[in-house]
Every structure is written in C-alpha cells, then in structure tokens.
$ cat model-v9.tsv   # TSV, C-alpha atoms
chain	number	residue	atom	x	y	z
A	1	MET	CA	19.51	7.08	4.28
A	2	ALA	CA	19.60	4.44	1.55
A	3	ASP	CA	18.93	5.93	-1.84
A	4	ALA	CA	15.72	5.13	-3.66
A	5	ASP	CA	17.42	2.98	-6.29
A	6	ARG	CA	18.94	0.70	-3.66
A	7	ILE	CA	15.54	0.36	-2.00
A	8	ARG	CA	13.99	-0.46	-5.38
A	9	HIS	CA	16.67	-3.12	-5.90
A	10	THR	CA	15.84	-4.76	-2.55
A	11	ILE	CA	12.13	-4.73	-3.41
A	12	ALA	CA	12.76	-6.20	-6.86
A	13	ARG	CA	14.70	-9.12	-5.32
A	14	TYR	CA	12.15	-9.69	-2.54
A	15	PRO	CA	9.40	-11.61	-4.43
A	16	THR	CA	11.88	-13.50	-6.60
A	17	LEU	CA	13.85	-14.75	-3.62
A	18	LEU	CA	10.70	-15.42	-1.58
A	19	ALA	CA	9.40	-17.75	-4.30
A	20	GLY	CA	12.86	-19.28	-4.87
A	21	ASP	CA	14.85	-22.04	-3.23
A	22	ASP	CA	17.37	-20.06	-1.15
A	23	LYS	CA	15.70	-19.12	2.13
A	24	ASP	CA	18.87	-17.60	3.55
A	25	ALA	CA	19.33	-15.32	0.53
A	26	TRP	CA	15.79	-14.03	1.11
A	27	LEU	CA	16.43	-13.55	4.83
A	28	GLN	CA	19.55	-11.53	4.06
A	29	LEU	CA	17.29	-8.85	2.58
A	30	PHE	CA	16.24	-8.13	6.18
A	31	ALA	CA	18.20	-6.27	8.87
A	32	ASP	CA	19.21	-8.34	11.91
A	33	ASP	CA	16.49	-6.91	14.13
A	34	ALA	CA	13.81	-6.57	11.46
A	35	THR	CA	10.14	-7.03	12.28
A	36	ALA	CA	7.33	-8.44	10.16
A	37	GLU	CA	3.57	-8.21	10.66
A	38	ASP	CA	2.13	-10.43	7.93
A	39	PRO	CA	-0.73	-9.88	7.66
A	40	VAL	CA	-1.30	-6.69	9.65
A	41	GLY	CA	-3.05	-7.56	12.90
A	42	THR	CA	-1.18	-10.80	13.52
A	43	PRO	CA	1.63	-11.15	16.08
A	44	LEU	CA	4.87	-9.39	15.24
A	45	ARG	CA	7.75	-11.59	14.08
A	46	THR	CA	11.15	-10.26	15.18
A	47	GLY	CA	14.48	-11.30	13.71
A	48	ARG	CA	15.34	-13.64	10.84
A	49	GLY	CA	14.48	-16.75	12.83
A	50	GLN	CA	10.83	-15.77	13.20
A	51	ILE	CA	10.61	-14.06	9.82
A	52	GLY	CA	11.82	-17.27	8.19
A	53	GLY	CA	8.43	-18.73	9.13
A	54	LEU	CA	6.90	-16.57	6.39
A	55	TRP	CA	9.12	-18.22	3.77
A	56	ASP	CA	7.97	-21.59	5.11
A	57	LEU	CA	4.31	-20.54	4.81
A	58	ILE	CA	4.74	-19.48	1.18
A	59	HIS	CA	6.58	-22.69	0.37
A	60	GLY	CA	3.82	-24.66	2.07
A	61	LEU	CA	1.35	-23.42	-0.56
A	62	GLY	CA	2.58	-26.09	-2.94
A	63	GLY	CA	4.53	-26.14	-6.15
A	64	ASP	CA	4.82	-23.47	-8.78
A	65	THR	CA	4.15	-20.54	-6.45
A	66	GLU	CA	4.88	-17.14	-7.98
A	67	LEU	CA	5.05	-13.65	-6.50
A	68	VAL	CA	4.64	-10.85	-9.01
A	69	ILE	CA	4.88	-7.11	-8.38
A	70	THR	CA	1.65	-5.65	-9.76
A	71	ASN	CA	1.81	-2.10	-8.37
A	72	ASP	CA	5.20	-0.44	-8.69
A	73	PRO	CA	7.06	0.56	-5.53
A	74	LYS	CA	6.48	4.10	-4.31
A	75	VAL	CA	9.62	5.03	-2.37
A	76	CYS	CA	9.29	7.86	0.18
A	77	GLY	CA	12.54	8.44	2.05
A	78	HIS	CA	13.39	5.22	3.88
A	79	GLU	CA	9.91	3.75	3.38
A	80	ALA	CA	8.08	2.20	0.46
A	81	ALA	CA	4.75	0.65	-0.46
A	82	PHE	CA	4.00	-1.61	-3.42
A	83	GLY	CA	1.48	-4.15	-4.62
A	84	LEU	CA	2.16	-7.76	-5.41
A	85	GLN	CA	0.21	-10.85	-6.23
A	86	VAL	CA	0.80	-14.35	-4.94
A	87	ARG	CA	-0.15	-17.07	-7.41
A	88	ALA	CA	-0.25	-20.74	-6.51
A	89	MET	CA	-1.81	-23.95	-7.76
A	90	MET	CA	-4.64	-25.19	-5.57
A	91	GLY	CA	-5.81	-28.50	-6.91
A	92	ASP	CA	-6.10	-27.97	-10.65
A	93	THR	CA	-6.72	-24.24	-10.41
A	94	ARG	CA	-4.19	-21.41	-10.50
A	95	MET	CA	-5.28	-19.03	-7.74
A	96	ALA	CA	-4.15	-15.47	-7.10
A	97	MET	CA	-4.40	-12.99	-4.24
A	98	ASP	CA	-3.52	-9.29	-4.24
A	99	ILE	CA	-1.30	-7.93	-1.47
A	100	ILE	CA	0.02	-4.50	-0.51
A	101	ASP	CA	3.37	-4.47	1.30
A	102	VAL	CA	4.70	-1.54	3.30
A	103	MET	CA	8.39	-1.64	4.23
A	104	THR	CA	10.97	0.49	5.99
A	105	PHE	CA	14.69	0.26	5.26
A	106	ASP	CA	18.01	0.93	6.92
A	107	ASP	CA	20.96	2.82	5.41
A	108	GLU	CA	22.01	-0.33	3.57
A	109	ALA	CA	18.55	-0.75	2.03
A	110	ARG	CA	17.86	-3.80	4.17
A	111	ILE	CA	14.29	-4.25	5.30
A	112	THR	CA	13.81	-3.12	8.91
A	113	SER	CA	10.04	-3.64	8.99
A	114	LEU	CA	7.47	-5.32	6.81
A	115	ARG	CA	3.72	-4.86	7.13
A	116	THR	CA	1.51	-6.79	4.73
A	117	TYR	CA	-2.12	-6.05	3.85
A	118	PHE	CA	-4.27	-8.75	2.27
A	119	GLU	CA	-7.58	-10.50	2.74
A	120	PRO	CA	-7.45	-14.29	2.43
A	121	ALA	CA	-11.07	-14.31	1.23
A	122	THR	CA	-10.02	-12.45	-1.93
A	123	MET	CA	-7.99	-15.43	-3.17
A	124	ALA	CA	-9.59	-16.27	-6.51
A	125	PRO	CA	-8.81	-18.05	-9.78
A	126	LEU	CA	-6.19	-16.10	-11.70
A	127	ASP	CA	-7.72	-14.25	-14.61
A	128	ASP	CA	-5.65	-15.24	-17.62
A	129	ALA	CA	-5.77	-11.59	-18.65
A	130	GLY	CA	-3.35	-10.87	-15.80
A	131	PRO	CA	-3.55	-8.43	-12.91
B	1	MET	CA	-13.62	-2.23	16.08
B	2	ALA	CA	-15.39	-1.00	12.98
B	3	ASP	CA	-16.37	-3.83	10.70
B	4	ALA	CA	-14.64	-4.25	7.36
B	5	ASP	CA	-17.70	-3.20	5.35
B	6	ARG	CA	-17.94	0.14	7.14
B	7	ILE	CA	-14.23	0.72	6.54
B	8	ARG	CA	-14.73	-0.13	2.85
B	9	HIS	CA	-17.59	2.36	2.71
B	10	THR	CA	-15.39	5.14	4.13
B	11	ILE	CA	-12.65	4.31	1.61
B	12	ALA	CA	-15.12	4.29	-1.28
B	13	ARG	CA	-16.33	7.78	-0.36
B	14	TYR	CA	-12.83	9.15	0.21
B	15	PRO	CA	-11.66	9.76	-3.39
B	16	THR	CA	-15.11	10.86	-4.57
B	17	LEU	CA	-15.43	13.47	-1.85
B	18	LEU	CA	-11.78	14.53	-2.18
B	19	ALA	CA	-12.34	15.33	-5.86
B	20	GLY	CA	-15.75	16.89	-5.16
B	21	ASP	CA	-16.95	20.32	-4.08
B	22	ASP	CA	-17.81	19.69	-0.41
B	23	LYS	CA	-14.62	20.01	1.60
B	24	ASP	CA	-16.43	19.62	4.92
B	25	ALA	CA	-18.06	16.35	3.83
B	26	TRP	CA	-14.59	15.00	3.00
B	27	LEU	CA	-13.19	16.19	6.34
B	28	GLN	CA	-16.02	14.43	8.17
B	29	LEU	CA	-14.52	11.13	7.03
B	30	PHE	CA	-11.71	11.85	9.53
B	31	ALA	CA	-11.80	11.52	13.32
B	32	ASP	CA	-11.37	14.77	15.28
B	33	ASP	CA	-7.75	14.09	16.17
B	34	ALA	CA	-6.77	12.36	12.93
B	35	THR	CA	-3.28	12.67	11.50
B	36	ALA	CA	-2.13	12.73	7.89
B	37	GLU	CA	1.37	12.28	6.45
B	38	ASP	CA	0.94	12.97	2.74
B	39	PRO	CA	3.32	12.01	1.32
B	40	VAL	CA	5.19	9.89	3.86
B	41	GLY	CA	8.24	11.81	5.07
B	42	THR	CA	6.57	15.23	5.13
B	43	PRO	CA	5.43	16.95	8.35
B	44	LEU	CA	2.44	15.38	10.08
B	45	ARG	CA	-0.87	17.23	9.74
B	46	THR	CA	-3.05	16.89	12.84
B	47	GLY	CA	-6.78	17.62	12.99
B	48	ARG	CA	-9.25	18.65	10.30
B	49	GLY	CA	-7.86	22.18	10.07
B	50	GLN	CA	-4.46	21.02	8.91
B	51	ILE	CA	-5.77	18.04	6.95
B	52	GLY	CA	-8.01	20.41	5.00
B	53	GLY	CA	-4.83	21.69	3.39
B	54	LEU	CA	-4.64	18.43	1.44
B	55	TRP	CA	-8.04	19.10	-0.10
B	56	ASP	CA	-6.79	22.56	-1.08
B	57	LEU	CA	-3.70	21.04	-2.73
B	58	ILE	CA	-5.78	18.62	-4.81
B	59	HIS	CA	-8.15	21.41	-5.83
B	60	GLY	CA	-5.17	23.56	-6.77
B	61	LEU	CA	-4.25	21.04	-9.49
B	62	GLY	CA	-6.82	22.62	-11.75
B	63	GLY	CA	-10.12	21.55	-13.23
B	64	ASP	CA	-11.37	18.09	-13.96
B	65	THR	CA	-9.27	16.33	-11.31
B	66	GLU	CA	-10.27	12.72	-10.68
B	67	LEU	CA	-9.24	10.22	-8.02
B	68	VAL	CA	-9.84	6.60	-8.98
B	69	ILE	CA	-9.28	3.52	-6.81
B	70	THR	CA	-7.04	1.23	-8.87
B	71	ASN	CA	-6.04	-1.37	-6.27
B	72	ASP	CA	-8.89	-2.60	-4.11
B	73	PRO	CA	-8.76	-1.95	-0.37
B	74	LYS	CA	-7.22	-4.70	1.74
B	75	VAL	CA	-8.80	-4.38	5.18
B	76	CYS	CA	-6.89	-5.90	8.11
B	77	GLY	CA	-8.64	-5.24	11.42
B	78	HIS	CA	-8.84	-1.48	11.88
B	79	GLU	CA	-6.30	-0.78	9.14
B	80	ALA	CA	-6.42	-0.81	5.35
B	81	ALA	CA	-4.22	-0.20	2.33
B	82	PHE	CA	-5.34	0.53	-1.22
B	83	GLY	CA	-4.13	2.01	-4.46
B	84	LEU	CA	-5.53	5.03	-6.22
B	85	GLN	CA	-4.64	7.22	-9.12
B	86	VAL	CA	-4.91	10.98	-9.31
B	87	ARG	CA	-5.68	12.28	-12.79
B	88	ALA	CA	-5.58	15.95	-13.70
B	89	MET	CA	-5.27	18.13	-16.77
B	90	MET	CA	-1.88	19.80	-17.06
B	91	GLY	CA	-1.95	22.09	-20.04
B	92	ASP	CA	-3.54	20.03	-22.80
B	93	THR	CA	-2.46	16.68	-21.38
B	94	ARG	CA	-4.32	14.40	-18.96
B	95	MET	CA	-1.70	13.30	-16.45
B	96	ALA	CA	-1.92	10.48	-13.90
B	97	MET	CA	0.05	9.41	-10.84
B	98	ASP	CA	-0.26	6.19	-8.85
B	99	ILE	CA	-0.59	6.38	-5.08
B	100	ILE	CA	-0.82	3.85	-2.25
B	101	ASP	CA	-2.75	4.98	0.82
B	102	VAL	CA	-2.53	3.34	4.24
B	103	MET	CA	-5.22	4.24	6.76
B	104	THR	CA	-6.26	3.38	10.30
B	105	PHE	CA	-9.83	3.73	11.53
B	106	ASP	CA	-11.75	4.21	14.75
B	107	ASP	CA	-14.79	2.24	15.89
B	108	GLU	CA	-17.03	4.43	13.73
B	109	ALA	CA	-14.89	3.74	10.64
B	110	ARG	CA	-13.60	7.31	10.63
B	111	ILE	CA	-10.02	7.75	9.48
B	112	THR	CA	-7.64	8.18	12.43
B	113	SER	CA	-4.45	8.23	10.37
B	114	LEU	CA	-3.56	8.54	6.71
B	115	ARG	CA	-0.14	7.79	5.24
B	116	THR	CA	0.29	8.28	1.51
B	117	TYR	CA	3.03	6.81	-0.69
B	118	PHE	CA	3.74	8.33	-4.09
B	119	GLU	CA	6.60	9.71	-6.15
B	120	PRO	CA	5.86	13.01	-7.90
B	121	ALA	CA	8.36	12.10	-10.66
B	122	THR	CA	6.07	9.22	-11.72
B	123	MET	CA	3.36	11.62	-12.88
B	124	ALA	CA	2.92	10.78	-16.56
B	125	PRO	CA	0.40	11.13	-19.37
B	126	LEU	CA	-2.58	8.89	-18.67
B	127	ASP	CA	-2.54	5.81	-20.85
B	128	ASP	CA	-5.94	5.67	-22.50
B	129	ALA	CA	-5.92	1.93	-21.81
B	130	GLY	CA	-6.50	2.77	-18.16
B	131	PRO	CA	-4.57	1.78	-15.04

$ encode --input "model-v9.tsv" --output "structure tokens"
Amino acid sequence: MADADRIRHTIARYPTLLAGDDKDAWLQLFADDATAEDPVGTPLRTGRGQIGGLWDLIHGLGGDTELVITNDPKVCGHEAAFGLQVRAMMGDTRMAMDIIDVMTFDDEARITSLRTYFEPATMAPLDDAGP
Amino acid sequence: MADADRIRHTIARYPTLLAGDDKDAWLQLFADDATAEDPVGTPLRTGRGQIGGLWDLIHGLGGDTELVITNDPKVCGHEAAFGLQVRAMMGDTRMAMDIIDVMTFDDEARITSLRTYFEPATMAPLDDAGP
C-alpha cells in the first residue's frame, strides 16, 4: 500500500497540474486502467484517453482557471477524500464552485479511481474573503 | 430516486441527531440493511444494531460533543458528500477534527451506506475563528 505521504503528494499535484498546461503530466498521476466518474452519476471514464476529456473540459472553461484545495485530504489506507474549489472567469465575474473528490490509489500512489461530487447550480461569484 | 431536497434534509438531521440524546431517532435515518465504514478501511458495520455502535463511540467522547457541517452537501443523484467537524472537550481543551462523509440513499432518502474519511492524528484544539 502506498504510504499516506505519497498519496498526499499525488493529491497536492493534482489541482496544480489539472489547471496547468501539461495534460500528459496530469494524466501520469493516474494508473493505466484508472476510472473517473466526474461528477458522480455520469458515465464512467476508463483509461487515460477518456480521462483526458476531463482536462479538456476544465480548459474549456476559459482563461485563468484555478483549482484550490479548500478541505485538506483525509487519507484512509489507499483511499482519500478532500475538498477543492474550481475558480474561473465567466464574462467579467470570477466564479467559484465547491467540489469534493474521493480517490483510490495503487501501491505507487497513482490514482486508480476518481469520484467527484459537485452541483453545477452552486457555481457562484467568488467571495473575495476566500473559501 | 429520492429528490435532492429530501437527501439534504436527512443530512441536515444527521449531525444534530448523532450529537443528541435519541439514539433511535438517529438510527431511523438509516435504511434497515444500511452499511457503515467509519472510518474507511475499518470493518463494515451492517444494520442498525452494528451502526448504533458509532453513536456509542461519539457519546463516549465525553460531554458537550458537537457535530457541525463545515462543507455543504454536494448531492449527485442518490449519493452525496459533505464535510463536518466533530468538536469535543478533552480535559480543559475544546478539540476539533475534520471529517468528510460520503453517503448513498434509498428512494425514501434514508442512508443506505456511509463511508467516513478522517485522520485521528488531525484532531487539534479548535481555532476560535471557526472552521
């Protein structure tokens, strides 16, 4: 089993790489046969080819998109849950939406499954006071 | 499928009843054959008899225990994830620990499964500034 610190390292890199310019570096956080259900209830994506579609979605939100961890990872064995916030410009307004991610990991702390909980209707102008 | 508002209502009652004095009222939030893995990685509890042990654990923390939702529920179909904080007096100090709960629900918005992510080592004195 990957140790908790390695899992925390993968999680720390996840939002940074997802908002960055290197799609392949982000995809390398996933195991070869990883699955993603984002959001929960939508069809399962299997493998880096399908999971790469999530990177495309985020990058389709427009410029200056940020992903910020707002609820520290809780690592339980080879699983973890954490909260993050996606922030993106929509017109002239900086919008934000809270998300909870649940992940499982392999022995190398690569993501083997991702399940993402959010409600699109909760997207709202970012309070300057922060999360 | 239970609608999102009924699921939100169950979640809102969950921490209040868990910290309260009516164990049976809390257990009635669960379906007959519900399961609980609290925390994730520990043996599965099945049915209200075994799940009642969780209520006993919380009430064994001592007086004045609170459970406060600190990360609003994200409802996706018949599932939801949310953050909460358990706060309890330990000696003379009010301690707090962050938790992420993931639940599934039946058509009556009763909990059919509970999976709880937390790290006991993160228990720390409650910052008076709040979560």

$ residues_around --input "model-v9.tsv" --residues "Arg6 of chain B" --least-positions-apart "4" --cutoff "10 Å" --atoms "all atoms listed in the file" --output "PDB file with C-alpha atoms, in the frame of the given file"
ATOM      1  CA  ALA B   2     -15.390  -1.000  12.980  1.00  0.00           C
ATOM      2  CA  THR B  10     -15.390   5.140   4.130  1.00  0.00           C
ATOM      3  CA  ILE B  11     -12.650   4.310   1.610  1.00  0.00           C
ATOM      4  CA  ALA B  12     -15.120   4.290  -1.280  1.00  0.00           C
ATOM      5  CA  PHE B 105      -9.830   3.730  11.530  1.00  0.00           C
ATOM      6  CA  ASP B 107     -14.790   2.240  15.890  1.00  0.00           C
ATOM      7  CA  GLU B 108     -17.030   4.430  13.730  1.00  0.00           C
ATOM      8  CA  ALA B 109     -14.890   3.740  10.640  1.00  0.00           C
ATOM      9  CA  ARG B 110     -13.600   7.310  10.630  1.00  0.00           C
TER      10      ARG B 110
END

$ closest_atom_pairs --input "model-v9.tsv" --of "chain A" --to "chain B" --cutoff "6 Å" --atoms "only C-alpha atoms" --output "Markdown table"
| residue | atom | partner | partner_atom | distance |
| --- | --- | --- | --- | --- |
| A:Val40 | CA | B:Cys76 | CA | 5.9 |
| A:Lys74 | CA | B:Phe118 | CA | 5.0 |
| A:Cys76 | CA | B:Val40 | CA | 5.9 |
| A:Tyr117 | CA | B:Lys74 | CA | 5.7 |
| A:Phe118 | CA | B:Lys74 | CA | 5.0 |
| A:Glu119 | CA | B:Lys74 | CA | 5.9 |

$ residues_around --input "model-v9.tsv" --residues "Ala31 of chain B" --least-positions-apart "2" --cutoff "10 Å" --atoms "all atoms listed in the file" --output "PyMOL selection string"
chain B and resi 27-29+33-35+47-48+105-106+108-113

$ closest_residue --input "model-v9.tsv" --among "B:Ala96, B:Asp22, B:Ala124, B:Met103" --to "Asp56 of chain B" --atoms "all atoms listed in the file"
B:Asp22

$ residues_around --input "model-v9.tsv" --residues "Gly62 of chain B" --least-positions-apart "5" --cutoff "8 Å" --atoms "only C-alpha atoms" --output "PyMOL selection string"
chain B and resi 88-90

$ closest_residue --input "model-v9.tsv" --among "A:Leu126, A:Leu54, A:Ile69, A:Met97" --to "Thr16 of chain A" --atoms "only C-alpha atoms"
A:Ile69

$ closest_residue --input "model-v9.tsv" --among "A:Pro125, A:Glu66, A:Asp3, A:Arg45" --to "Asp92 of chain A" --atoms "all atoms listed in the file"
A:Pro125

$ axis_aligned_box --input "model-v9.tsv" --around "segment 103-113 of chain B" --padding-each-side "8 Å" --output "lines of an AutoDock Vina configuration file"
center_x = -10.7
center_y = 5.2
center_z = 11.3
size_x = 28.6
size_y = 22.0
size_z = 25.1

$ atom_distance --input "model-v9.tsv" --atom1 "atom CA of Leu67 of chain A" --atom2 "atom CA of Ala19 of chain A"
6.4 Å

$ atom_distance --input "model-v9.tsv" --atom1 "atom CA of Val86 of chain A" --atom2 "atom CA of Arg13 of chain A"
14.9 Å

$ atom_distance --input "model-v9.tsv" --atom1 "atom CA of Asp24 of chain A" --atom2 "atom CA of Gly60 of chain A"
16.7 Å

$ closest_residue --input "model-v9.tsv" --among "B:Arg115, B:His9, B:Lys23, B:Arg94" --to "Asp127 of chain B" --atoms "only C-alpha atoms"
B:Arg94

$ decode --input "model-v9.tsv" --residues "segment 24-43 of chain B" --atoms "C-alpha atoms" --output "PDB file, in the first residue's frame"
ATOM      1  CA  ASP B  24     -33.144   5.519  17.899  1.00  0.00           C
ATOM      2  CA  ALA B  25     -34.104   8.732  16.088  1.00  0.00           C
ATOM      3  CA  TRP B  26     -30.584   8.850  14.633  1.00  0.00           C
ATOM      4  CA  LEU B  27     -30.734   5.179  13.623  1.00  0.00           C
ATOM      5  CA  GLN B  28     -34.036   5.793  11.840  1.00  0.00           C
ATOM      6  CA  LEU B  29     -32.124   7.931   9.337  1.00  0.00           C
ATOM      7  CA  PHE B  30     -30.636   4.638   8.067  1.00  0.00           C
ATOM      8  CA  ALA B  31     -32.300   2.003   5.882  1.00  0.00           C
ATOM      9  CA  ASP B  32     -32.799  -1.424   7.504  1.00  0.00           C
ATOM     10  CA  ASP B  33     -29.866  -3.013   5.697  1.00  0.00           C
ATOM     11  CA  ALA B  34     -27.592   0.024   5.693  1.00  0.00           C
ATOM     12  CA  THR B  35     -23.826  -0.324   5.925  1.00  0.00           C
ATOM     13  CA  ALA B  36     -21.270   1.948   7.558  1.00  0.00           C
ATOM     14  CA  GLU B  37     -17.485   2.018   7.153  1.00  0.00           C
ATOM     15  CA  ASP B  38     -16.338   4.585   9.708  1.00  0.00           C
ATOM     16  CA  PRO B  39     -13.552   5.326   9.123  1.00  0.00           C
ATOM     17  CA  VAL B  40     -12.880   3.916   5.656  1.00  0.00           C
ATOM     18  CA  GLY B  41     -10.660   0.850   5.981  1.00  0.00           C
ATOM     19  CA  THR B  42     -12.265  -0.487   9.163  1.00  0.00           C
ATOM     20  CA  PRO B  43     -14.691  -3.445   9.208  1.00  0.00           C
TER      21      PRO B  43
END
